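Source file: final.cif. Holds: mmCIF, C-alpha atoms and all ligand atoms; chains and numbers go by the auth columns.
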```cif
data_coords
#
loop_
_atom_site.group_PDB
_atom_site.id
_atom_site.type_symbol
_atom_site.label_atom_id
_atom_site.label_comp_id
_atom_site.label_asym_id
_atom_site.label_seq_id
_atom_site.Cartn_x
_atom_site.Cartn_y
_atom_site.Cartn_z
_atom_site.B_iso_or_equiv
_atom_site.auth_seq_id
_atom_site.auth_asym_id
ATOM 1 C CA MET A 1 180.077 37.043 39.488 0.00 1 A
ATOM 2 C CA SER A 2 179.581 35.964 43.038 0.00 2 A
ATOM 3 C CA HIS A 3 180.465 38.892 45.257 0.00 3 A
ATOM 4 C CA ALA A 4 179.071 42.366 45.921 0.00 4 A
ATOM 5 C CA TYR A 5 181.270 44.924 44.176 0.00 5 A
ATOM 6 C CA HIS A 6 179.567 48.182 44.906 0.00 6 A
ATOM 7 C CA ARG A 7 177.113 49.608 47.364 0.00 7 A
ATOM 8 C CA GLN A 8 173.427 49.131 46.746 0.00 8 A
ATOM 9 C CA LEU A 9 172.271 51.595 44.114 0.00 9 A
ATOM 10 C CA VAL A 10 168.565 50.822 43.731 0.00 10 A
ATOM 11 C CA PHE A 11 165.903 50.125 46.357 0.00 11 A
ATOM 12 C CA THR A 12 162.248 49.071 46.354 0.00 12 A
ATOM 13 C CA VAL A 13 159.456 50.827 48.235 0.00 13 A
ATOM 14 C CA LYS A 14 157.727 47.769 49.580 0.00 14 A
ATOM 15 C CA ASP A 15 154.296 49.332 49.999 0.00 15 A
ATOM 16 C CA LYS A 16 154.229 50.551 46.408 0.00 16 A
ATOM 17 C CA CYS A 17 155.371 47.432 44.547 0.00 17 A
ATOM 18 C CA ARG A 18 152.426 45.709 42.831 0.00 18 A
ATOM 19 C CA VAL A 19 154.574 42.783 41.632 0.00 19 A
ATOM 20 C CA CYS A 20 153.721 43.509 38.010 0.00 20 A
ATOM 21 C CA TYR A 21 157.039 41.997 36.814 0.00 21 A
ATOM 22 C CA THR A 22 157.786 44.946 34.506 0.00 22 A
ATOM 23 C CA CYS A 23 161.137 45.679 36.133 0.00 23 A
ATOM 24 C CA VAL A 24 161.959 41.964 36.255 0.00 24 A
ATOM 25 C CA ARG A 25 161.462 41.751 32.486 0.00 25 A
ATOM 26 C CA GLU A 26 163.172 45.051 31.681 0.00 26 A
ATOM 27 C CA CYS A 27 166.343 44.637 33.742 0.00 27 A
ATOM 28 C CA PRO A 28 169.076 43.952 31.154 0.00 28 A
ATOM 29 C CA VAL A 29 171.123 41.743 33.496 0.00 29 A
ATOM 30 C CA LYS A 30 168.374 39.881 35.357 0.00 30 A
ATOM 31 C CA ALA A 31 169.197 41.573 38.629 0.00 31 A
ATOM 32 C CA ILE A 32 165.614 41.687 39.958 0.00 32 A
ATOM 33 C CA LYS A 33 163.918 38.810 41.646 0.00 33 A
ATOM 34 C CA ILE A 34 160.548 38.416 43.318 0.00 34 A
ATOM 35 C CA ILE A 35 161.284 37.728 46.954 0.00 35 A
ATOM 36 C CA LYS A 36 158.410 37.513 49.455 0.00 36 A
ATOM 37 C CA THR A 37 155.980 39.217 47.043 0.00 37 A
ATOM 38 C CA GLN A 38 158.361 42.118 46.362 0.00 38 A
ATOM 39 C CA ALA A 39 160.566 42.827 43.343 0.00 39 A
ATOM 40 C CA GLU A 40 163.975 43.059 45.013 0.00 40 A
ATOM 41 C CA VAL A 41 167.217 44.153 43.391 0.00 41 A
ATOM 42 C CA ILE A 42 170.060 41.677 43.714 0.00 42 A
ATOM 43 C CA ASN A 43 172.906 44.084 44.219 0.00 43 A
ATOM 44 C CA GLU A 44 175.625 41.659 43.148 0.00 44 A
ATOM 45 C CA ARG A 45 174.096 41.581 39.679 0.00 45 A
ATOM 46 C CA CYS A 46 172.964 45.225 39.336 0.00 46 A
ATOM 47 C CA ILE A 47 174.971 47.469 36.990 0.00 47 A
ATOM 48 C CA GLY A 48 173.121 50.674 37.997 0.00 48 A
ATOM 49 C CA CYS A 49 171.638 51.374 34.557 0.00 49 A
ATOM 50 C CA GLY A 50 168.475 52.888 36.081 0.00 50 A
ATOM 51 C CA ASN A 51 166.047 51.141 33.733 0.00 51 A
ATOM 52 C CA CYS A 52 163.935 49.700 36.541 0.00 52 A
ATOM 53 C CA VAL A 53 163.470 53.172 38.055 0.00 53 A
ATOM 54 C CA LYS A 54 162.310 54.432 34.662 0.00 54 A
ATOM 55 C CA VAL A 55 159.873 51.632 33.846 0.00 55 A
ATOM 56 C CA CYS A 56 158.153 51.206 37.207 0.00 56 A
ATOM 57 C CA SER A 57 154.767 52.901 36.834 0.00 57 A
ATOM 58 C CA GLN A 58 154.187 52.713 40.603 0.00 58 A
ATOM 59 C CA GLY A 59 157.250 54.741 41.575 0.00 59 A
ATOM 60 C CA ALA A 60 158.327 51.740 43.628 0.00 60 A
ATOM 61 C CA LYS A 61 161.979 51.787 42.592 0.00 61 A
ATOM 62 C CA TYR A 62 164.272 54.585 43.709 0.00 62 A
ATOM 63 C CA PRO A 63 168.011 55.204 43.463 0.00 63 A
ATOM 64 C CA LEU A 64 170.435 55.638 46.351 0.00 64 A
ATOM 65 C CA ARG A 65 170.067 59.133 47.832 0.00 65 A
ATOM 66 C CA SER A 66 173.000 61.098 49.157 0.00 66 A
ATOM 67 C CA ILE A 67 171.517 64.460 50.050 0.00 67 A
ATOM 68 C CA ASP A 68 171.743 63.847 53.822 0.00 68 A
ATOM 69 C CA GLU A 69 175.448 63.017 53.565 0.00 69 A
ATOM 70 C CA VAL A 70 176.050 66.123 51.434 0.00 70 A
ATOM 71 C CA ASN A 71 174.163 68.316 53.898 0.00 71 A
ATOM 72 C CA GLU A 72 176.338 66.926 56.715 0.00 72 A
ATOM 73 C CA LEU A 73 179.441 67.836 54.695 0.00 73 A
ATOM 74 C CA LEU A 74 178.059 71.330 54.108 0.00 74 A
ATOM 75 C CA LYS A 75 177.546 71.789 57.855 0.00 75 A
ATOM 76 C CA SER A 76 181.175 70.837 58.554 0.00 76 A
ATOM 77 C CA ASP A 77 184.096 73.253 58.595 0.00 77 A
ATOM 78 C CA LYS A 78 185.640 71.616 55.509 0.00 78 A
ATOM 79 C CA LYS A 79 185.953 73.412 52.194 0.00 79 A
ATOM 80 C CA ILE A 80 183.510 71.832 49.744 0.00 80 A
ATOM 81 C CA ALA A 81 183.586 71.920 45.958 0.00 81 A
ATOM 82 C CA ALA A 82 180.677 71.127 43.655 0.00 82 A
ATOM 83 C CA CYS A 83 181.778 69.687 40.309 0.00 83 A
ATOM 84 C CA ILE A 84 178.955 69.884 37.790 0.00 84 A
ATOM 85 C CA ALA A 85 178.593 67.507 34.853 0.00 85 A
ATOM 86 C CA PRO A 86 178.632 69.154 31.409 0.00 86 A
ATOM 87 C CA SER A 87 175.018 68.115 30.765 0.00 87 A
ATOM 88 C CA PHE A 88 173.638 70.613 33.299 0.00 88 A
ATOM 89 C CA PRO A 89 172.134 72.995 30.653 0.00 89 A
ATOM 90 C CA ALA A 90 169.890 70.140 29.446 0.00 90 A
ATOM 91 C CA GLU A 91 168.584 69.573 32.973 0.00 91 A
ATOM 92 C CA PHE A 92 168.236 73.152 34.222 0.00 92 A
ATOM 93 C CA THR A 93 166.430 74.622 31.229 0.00 93 A
ATOM 94 C CA ASP A 94 164.453 76.803 33.648 0.00 94 A
ATOM 95 C CA VAL A 95 167.642 78.561 34.752 0.00 95 A
ATOM 96 C CA PRO A 96 168.263 81.167 32.051 0.00 96 A
ATOM 97 C CA ASP A 97 171.975 81.684 32.700 0.00 97 A
ATOM 98 C CA TYR A 98 174.604 79.301 34.025 0.00 98 A
ATOM 99 C CA ARG A 99 175.821 82.002 36.435 0.00 99 A
ATOM 100 C CA MET A 100 172.491 81.768 38.239 0.00 100 A
ATOM 101 C CA LEU A 101 172.978 78.072 38.755 0.00 101 A
ATOM 102 C CA VAL A 102 176.454 78.719 40.134 0.00 102 A
ATOM 103 C CA GLY A 103 174.908 81.256 42.540 0.00 103 A
ATOM 104 C CA MET A 104 172.240 78.786 43.620 0.00 104 A
ATOM 105 C CA ILE A 105 174.793 76.098 44.309 0.00 105 A
ATOM 106 C CA ARG A 106 177.050 78.515 46.195 0.00 106 A
ATOM 107 C CA SER A 107 174.076 79.613 48.297 0.00 107 A
ATOM 108 C CA LEU A 108 173.649 76.024 49.501 0.00 108 A
ATOM 109 C CA GLY A 109 177.063 76.368 51.156 0.00 109 A
ATOM 110 C CA PHE A 110 179.527 75.136 48.538 0.00 110 A
ATOM 111 C CA ASP A 111 182.823 77.042 48.522 0.00 111 A
ATOM 112 C CA TYR A 112 183.701 76.334 44.911 0.00 112 A
ATOM 113 C CA VAL A 113 181.733 75.398 41.801 0.00 113 A
ATOM 114 C CA ALA A 114 183.595 73.865 38.865 0.00 114 A
ATOM 115 C CA GLU A 115 182.630 72.333 35.539 0.00 115 A
ATOM 116 C CA VAL A 116 183.559 68.716 34.908 0.00 116 A
ATOM 117 C CA ALA A 117 183.863 69.714 31.226 0.00 117 A
ATOM 118 C CA PHE A 118 187.399 70.842 32.110 0.00 118 A
ATOM 119 C CA GLY A 119 188.218 67.329 33.327 0.00 119 A
ATOM 120 C CA ALA A 120 186.608 65.948 30.155 0.00 120 A
ATOM 121 C CA ASP A 121 188.964 68.085 28.045 0.00 121 A
ATOM 122 C CA MET A 122 191.956 66.701 29.909 0.00 122 A
ATOM 123 C CA VAL A 123 190.732 63.125 29.528 0.00 123 A
ATOM 124 C CA ALA A 124 189.984 63.607 25.801 0.00 124 A
ATOM 125 C CA ARG A 125 193.671 64.285 25.160 0.00 125 A
ATOM 126 C CA GLU A 126 194.603 61.060 26.922 0.00 126 A
ATOM 127 C CA TYR A 127 192.018 59.164 24.879 0.00 127 A
ATOM 128 C CA GLU A 128 193.601 60.395 21.673 0.00 128 A
ATOM 129 C CA THR A 129 196.974 58.951 22.707 0.00 129 A
ATOM 130 C CA SER A 130 195.457 55.777 24.113 0.00 130 A
ATOM 131 C CA ILE A 131 193.451 55.047 20.950 0.00 131 A
ATOM 132 C CA LYS A 132 196.508 55.709 18.755 0.00 132 A
ATOM 133 C CA ASN A 133 198.389 53.135 20.826 0.00 133 A
ATOM 134 C CA SER A 134 195.664 50.492 20.632 0.00 134 A
ATOM 135 C CA ASN A 135 197.045 48.923 17.435 0.00 135 A
ATOM 136 C CA GLY A 136 193.858 49.662 15.545 0.00 136 A
ATOM 137 C CA LEU A 137 191.726 47.582 17.946 0.00 137 A
ATOM 138 C CA GLY A 138 189.894 50.606 19.324 0.00 138 A
ATOM 139 C CA GLN A 139 188.804 51.099 22.897 0.00 139 A
ATOM 140 C CA ILE A 140 185.638 51.184 24.944 0.00 140 A
ATOM 141 C CA SER A 141 185.248 54.377 26.950 0.00 141 A
ATOM 142 C CA SER A 142 185.474 53.795 30.688 0.00 142 A
ATOM 143 C CA ASP A 143 183.521 56.985 31.520 0.00 143 A
ATOM 144 C CA CYS A 144 180.203 55.248 32.225 0.00 144 A
ATOM 145 C CA PRO A 145 180.266 53.103 35.378 0.00 145 A
ATOM 146 C CA ALA A 146 177.240 51.064 34.253 0.00 146 A
ATOM 147 C CA ILE A 147 179.094 50.028 31.084 0.00 147 A
ATOM 148 C CA VAL A 148 182.264 49.305 33.072 0.00 148 A
ATOM 149 C CA TYR A 149 180.349 47.080 35.564 0.00 149 A
ATOM 150 C CA PHE A 150 178.577 45.377 32.697 0.00 150 A
ATOM 151 C CA ILE A 151 181.828 44.491 30.946 0.00 151 A
ATOM 152 C CA ARG A 152 183.726 43.511 34.093 0.00 152 A
ATOM 153 C CA HIS A 153 181.008 41.206 35.340 0.00 153 A
ATOM 154 C CA TYR A 154 179.204 39.961 32.263 0.00 154 A
ATOM 155 C CA HIS A 155 181.777 40.219 29.448 0.00 155 A
ATOM 156 C CA PRO A 156 185.208 39.865 31.070 0.00 156 A
ATOM 157 C CA GLU A 157 186.628 38.937 27.666 0.00 157 A
ATOM 158 C CA LEU A 158 186.217 42.630 26.741 0.00 158 A
ATOM 159 C CA VAL A 159 187.984 44.068 29.802 0.00 159 A
ATOM 160 C CA SER A 160 191.218 44.581 27.851 0.00 160 A
ATOM 161 C CA TYR A 161 189.300 46.928 25.510 0.00 161 A
ATOM 162 C CA LEU A 162 188.269 49.249 28.341 0.00 162 A
ATOM 163 C CA ALA A 163 190.285 52.459 28.183 0.00 163 A
ATOM 164 C CA PRO A 164 192.687 52.501 31.169 0.00 164 A
ATOM 165 C CA LEU A 165 191.799 56.113 31.932 0.00 165 A
ATOM 166 C CA ALA A 166 190.067 58.051 34.666 0.00 166 A
ATOM 167 C CA SER A 167 186.574 59.355 33.936 0.00 167 A
ATOM 168 C CA PRO A 168 186.100 63.133 33.613 0.00 168 A
ATOM 169 C CA MET A 169 184.497 63.105 37.100 0.00 169 A
ATOM 170 C CA LEU A 170 187.542 61.478 38.648 0.00 170 A
ATOM 171 C CA ALA A 171 189.987 63.621 36.659 0.00 171 A
ATOM 172 C CA MET A 172 188.199 66.775 37.831 0.00 172 A
ATOM 173 C CA THR A 173 188.214 65.585 41.434 0.00 173 A
ATOM 174 C CA ARG A 174 191.988 65.080 41.234 0.00 174 A
ATOM 175 C CA ILE A 175 192.465 68.494 39.619 0.00 175 A
ATOM 176 C CA MET A 176 190.411 70.212 42.347 0.00 176 A
ATOM 177 C CA LYS A 177 192.243 68.407 45.161 0.00 177 A
ATOM 178 C CA LYS A 178 195.580 69.300 43.599 0.00 178 A
ATOM 179 C CA LYS A 179 194.558 72.953 43.368 0.00 179 A
ATOM 180 C CA TYR A 180 192.858 73.352 46.750 0.00 180 A
ATOM 181 C CA GLY A 181 194.501 70.617 48.821 0.00 181 A
ATOM 182 C CA ASN A 182 193.658 67.081 49.808 0.00 182 A
ATOM 183 C CA ASP A 183 191.389 68.260 52.619 0.00 183 A
ATOM 184 C CA LEU A 184 188.950 69.581 50.037 0.00 184 A
ATOM 185 C CA LYS A 185 185.722 67.587 49.838 0.00 185 A
ATOM 186 C CA VAL A 186 184.376 67.094 46.335 0.00 186 A
ATOM 187 C CA VAL A 187 180.716 66.539 45.484 0.00 187 A
ATOM 188 C CA PHE A 188 180.038 65.534 41.901 0.00 188 A
ATOM 189 C CA ILE A 189 176.611 66.609 40.608 0.00 189 A
ATOM 190 C CA GLY A 190 175.399 64.904 37.448 0.00 190 A
ATOM 191 C CA PRO A 191 172.578 63.088 35.696 0.00 191 A
ATOM 192 C CA CYS A 192 173.380 59.520 36.680 0.00 192 A
ATOM 193 C CA PHE A 193 173.178 57.714 40.013 0.00 193 A
ATOM 194 C CA ALA A 194 175.565 54.942 38.918 0.00 194 A
ATOM 195 C CA LYS A 195 178.322 57.497 39.514 0.00 195 A
ATOM 196 C CA LYS A 196 177.649 57.032 43.240 0.00 196 A
ATOM 197 C CA ALA A 197 179.498 53.728 43.080 0.00 197 A
ATOM 198 C CA GLU A 198 182.294 54.698 40.719 0.00 198 A
ATOM 199 C CA ALA A 199 185.146 55.997 42.844 0.00 199 A
ATOM 200 C CA GLU A 200 185.902 56.473 46.517 0.00 200 A
ATOM 201 C CA GLU A 201 188.135 59.440 45.696 0.00 201 A
ATOM 202 C CA VAL A 202 184.978 61.443 45.019 0.00 202 A
ATOM 203 C CA ASP A 203 183.516 62.253 48.422 0.00 203 A
ATOM 204 C CA GLU A 204 179.828 62.339 47.459 0.00 204 A
ATOM 205 C CA VAL A 205 177.691 62.234 44.330 0.00 205 A
ATOM 206 C CA LEU A 206 174.353 63.987 43.887 0.00 206 A
ATOM 207 C CA THR A 207 172.042 63.601 40.927 0.00 207 A
ATOM 208 C CA PHE A 208 170.614 66.675 39.246 0.00 208 A
ATOM 209 C CA ARG A 209 167.247 65.655 40.632 0.00 209 A
ATOM 210 C CA GLU A 210 168.595 65.626 44.182 0.00 210 A
ATOM 211 C CA LEU A 211 170.111 69.060 43.634 0.00 211 A
ATOM 212 C CA ARG A 212 166.848 70.397 42.216 0.00 212 A
ATOM 213 C CA ASP A 213 164.877 68.984 45.152 0.00 213 A
ATOM 214 C CA ASN A 214 167.259 70.736 47.509 0.00 214 A
ATOM 215 C CA LEU A 215 166.869 74.164 45.941 0.00 215 A
ATOM 216 C CA PRO A 216 163.898 75.921 47.543 0.00 216 A
ATOM 217 C CA ASP A 217 161.520 77.599 45.070 0.00 217 A
ATOM 218 C CA GLN A 218 161.736 80.964 46.871 0.00 218 A
ATOM 219 C CA GLN A 219 165.493 80.938 46.529 0.00 219 A
ATOM 220 C CA ARG A 220 165.230 80.188 42.841 0.00 220 A
ATOM 221 C CA ALA A 221 162.770 83.062 42.363 0.00 221 A
ATOM 222 C CA LEU A 222 164.983 85.408 44.381 0.00 222 A
ATOM 223 C CA LEU A 223 168.097 84.543 42.414 0.00 223 A
ATOM 224 C CA TYR A 224 166.194 84.954 39.186 0.00 224 A
ATOM 225 C CA SER A 225 165.021 88.454 40.098 0.00 225 A
ATOM 226 C CA GLN A 226 168.528 89.377 41.316 0.00 226 A
ATOM 227 C CA PHE A 227 169.962 88.162 38.042 0.00 227 A
ATOM 228 C CA GLN A 228 167.454 90.196 36.031 0.00 228 A
ATOM 229 C CA ARG A 229 168.235 93.329 38.069 0.00 229 A
ATOM 230 C CA ASN A 230 171.984 92.846 37.579 0.00 230 A
ATOM 231 C CA HIS A 231 171.622 92.372 33.837 0.00 231 A
ATOM 232 C CA SER A 232 168.906 94.849 32.930 0.00 232 A
HETATM 233 S S1 LIG B . 157.891 47.521 38.000 0.00 301 A
HETATM 234 FE FE1 LIG B . 157.490 48.452 40.010 0.00 301 A
HETATM 235 S S2 LIG B . 155.498 47.634 40.655 0.00 301 A
HETATM 236 FE FE2 LIG B . 156.238 46.321 38.975 0.00 301 A
HETATM 237 S S3 LIG B . 157.333 44.663 40.038 0.00 301 A
HETATM 238 FE FE3 LIG B . 158.863 46.207 39.572 0.00 301 A
HETATM 239 S S4 LIG B . 158.961 47.504 41.441 0.00 301 A
HETATM 240 FE FE4 LIG B . 157.058 46.279 41.551 0.00 301 A
HETATM 241 S S1 LIG B . 169.426 49.552 37.841 0.00 302 A
HETATM 242 FE FE1 LIG B . 169.469 48.383 35.879 0.00 302 A
HETATM 243 S S2 LIG B . 170.727 46.619 36.352 0.00 302 A
HETATM 244 FE FE2 LIG B . 170.103 47.472 38.331 0.00 302 A
HETATM 245 S S3 LIG B . 168.250 46.361 38.865 0.00 302 A
HETATM 246 FE FE3 LIG B . 167.606 48.230 37.807 0.00 302 A
HETATM 247 S S4 LIG B . 167.385 47.626 35.661 0.00 302 A
HETATM 248 FE FE4 LIG B . 168.582 46.018 36.668 0.00 302 A
#
```
As structure tokens - that is how I would like this structure written.
Ligand code: SF4
Ligand code: SF4
Amino acid sequence: MSHAYHRQLVFTVKDKCRVCYTCVRECPVKAIKIIKTQAEVINERCIGCGNCVKVCSQGAKYPLRSIDEVNELLKSDKKIAACIAPSFPAEFTDVPDYRMLVGMIRSLGFDYVAEVAFGADMVAREYETSIKNSNGLGQISSDCPAIVYFIRHYHPELVSYLAPLASPMLAMTRIMKKKYGNDLKVVFIGPCFAKKAEAEEVDEVLTFRELRDNLPDQQRALLYSQFQRNHS
């Protein structure tokens, strides 16, 4: 593995790093090195698993942020779709009904809101066929980009076991572009920042945390009271 294969996914806040070596020890692929008294991520080795962000007690590691790019898209005259990962109910437990979340996302300027669960259903059917045709060898799901990077770059002998199928995110992007036209811009919103490096066909990727940070509290309260009025 000698070349960069995706854009940088994790960064270090230089002023916050105390060079405690925790992230160096905890990185599963030894992608962090102390350079000039800072724990720097070596992008060519990073699989985007997020462990260093989780274990750093100083908040000195942060993932790639895309909110500025998404806001630029929202200001444009393009039609924009938000495709939400199926895990959203686990993240937005404070939103009592999924329709409220749809309203919140629409109020940010998105023209369409769709569930990636639909894409997952489509992909599941393909997996069934693909596994049946694997001569009993089984397959490794290619849905998780961190796993795919890990296998491609650290265990190339397993590449032939990776399912040759699009992820639900990519399948849903293709479905939306087929339905609304290729000019449609698609923003995937999900739990994992590794998705930001998965596919160029997806125009932008936001994490749930980025979405949450972009929803003003007043708007959330307003939508909540509107929802209660409409359903009382
Ligand atoms: S865990 Fe955080 S503070 Fe410790 S070396 Fe890594 S980035 Fe620096
Ligand atoms: S995201 Fe994972 S692979 Fe990348 S530097 Fe952090 S711990 Fe290592």
Might you spell out which residues the PyMOL selection byres (((not hetatm)) within 9 of (chain A and resi 301)) would select in the displayed file, as a PyMOL selection string? chain A and resi 11-14+16-26+32-34+37-40+52-61
Residues from last step as file, C-alpha atoms, as an mmCIF file, keeping the file's coordinate frame:
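That gives us out_9.cif:
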```cif
data_model
loop_
_atom_site.group_PDB
_atom_site.id
_atom_site.type_symbol
_atom_site.label_atom_id
_atom_site.label_comp_id
_atom_site.auth_asym_id
_atom_site.auth_seq_id
_atom_site.Cartn_x
_atom_site.Cartn_y
_atom_site.Cartn_z
ATOM 1 C CA PHE A 11 165.903 50.125 46.357
ATOM 2 C CA THR A 12 162.248 49.071 46.354
ATOM 3 C CA VAL A 13 159.456 50.827 48.235
ATOM 4 C CA LYS A 14 157.727 47.769 49.580
ATOM 5 C CA LYS A 16 154.229 50.551 46.408
ATOM 6 C CA CYS A 17 155.371 47.432 44.547
ATOM 7 C CA ARG A 18 152.426 45.709 42.831
ATOM 8 C CA VAL A 19 154.574 42.783 41.632
ATOM 9 C CA CYS A 20 153.721 43.509 38.010
ATOM 10 C CA TYR A 21 157.039 41.997 36.814
ATOM 11 C CA THR A 22 157.786 44.946 34.506
ATOM 12 C CA CYS A 23 161.137 45.679 36.133
ATOM 13 C CA VAL A 24 161.959 41.964 36.255
ATOM 14 C CA ARG A 25 161.462 41.751 32.486
ATOM 15 C CA GLU A 26 163.172 45.051 31.681
ATOM 16 C CA ILE A 32 165.614 41.687 39.958
ATOM 17 C CA LYS A 33 163.918 38.810 41.646
ATOM 18 C CA ILE A 34 160.548 38.416 43.318
ATOM 19 C CA THR A 37 155.980 39.217 47.043
ATOM 20 C CA GLN A 38 158.361 42.118 46.362
ATOM 21 C CA ALA A 39 160.566 42.827 43.343
ATOM 22 C CA GLU A 40 163.975 43.059 45.013
ATOM 23 C CA CYS A 52 163.935 49.700 36.541
ATOM 24 C CA VAL A 53 163.470 53.172 38.055
ATOM 25 C CA LYS A 54 162.310 54.432 34.662
ATOM 26 C CA VAL A 55 159.873 51.632 33.846
ATOM 27 C CA CYS A 56 158.153 51.206 37.207
ATOM 28 C CA SER A 57 154.767 52.901 36.834
ATOM 29 C CA GLN A 58 154.187 52.713 40.603
ATOM 30 C CA GLY A 59 157.250 54.741 41.575
ATOM 31 C CA ALA A 60 158.327 51.740 43.628
ATOM 32 C CA LYS A 61 161.979 51.787 42.592
#
```
Please return the centre and edge lengths, in Å to one decimal, of a box with edges along x, y and z that contains all listed atoms of ligand LIG 302 (chain A), widened by 5 Å on every side, as AutoDock Vina command-line options.
```
--center_x 169.1 --center_y 47.8 --center_z 37.3 --size_x 13.3 --size_y 13.5 --size_z 13.2
```
Residues within 12 Å of Thr207 of chain A, all atoms listed in the file, excluding chain neighbours under 3 positions, as a list in words: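 Listed by chain and then number, they are Pro63, Leu64, Arg65, Ser66, Ile67, Val70, Ala82, Cys83, Ile84, Ala85, Ser87, Phe88, Glu91, Val187, Phe188, Ile189, Gly190, Pro191, Cys192, Phe193, Ala194, Lys195, Lys196, Glu204, Glu210, Leu211, Arg212, Asp213 and Asn214 of chain A.
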Counting all atoms listed in the file, which residues have an atom no more than 7 Å from (171.8, 50.2, 38.8) in the file's coordinates? Please list them as a PDB file with C-alpha atoms, in the frame of the given file.
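See out-v7.pdb below for the written result:
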```
ATOM      1  CA  LEU A   9     172.271  51.595  44.114  1.00  0.00           C
ATOM      2  CA  VAL A  10     168.565  50.822  43.731  1.00  0.00           C
ATOM      3  CA  CYS A  46     172.964  45.225  39.336  1.00  0.00           C
ATOM      4  CA  ILE A  47     174.971  47.469  36.990  1.00  0.00           C
ATOM      5  CA  GLY A  48     173.121  50.674  37.997  1.00  0.00           C
ATOM      6  CA  CYS A  49     171.638  51.374  34.557  1.00  0.00           C
ATOM      7  CA  GLY A  50     168.475  52.888  36.081  1.00  0.00           C
ATOM      8  CA  ALA A 194     175.565  54.942  38.918  1.00  0.00           C
TER       9      ALA A 194
END
```
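What the PyMOL selection byres (((chain A and resi 112) around 7) and not hetatm) picks from this file is Ile80, Ala81, Ala82, Phe110, Asp111, Val113 and Ala114 of chain A.
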If the PyMOL selection byres (((chain A and resi 149-159) around 9) and not hetatm) were run on this exact file, what residues would it hold? Put them as a VMD selection string. chain A and resid 1 5 29 45 to 48 140 144 to 148 160 to 163
Between atom CA of Met122 of chain A and atom CA of Asp143 of chain A - distance in Å to one decimal: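 These atoms are spaced 13.0 Å apart.
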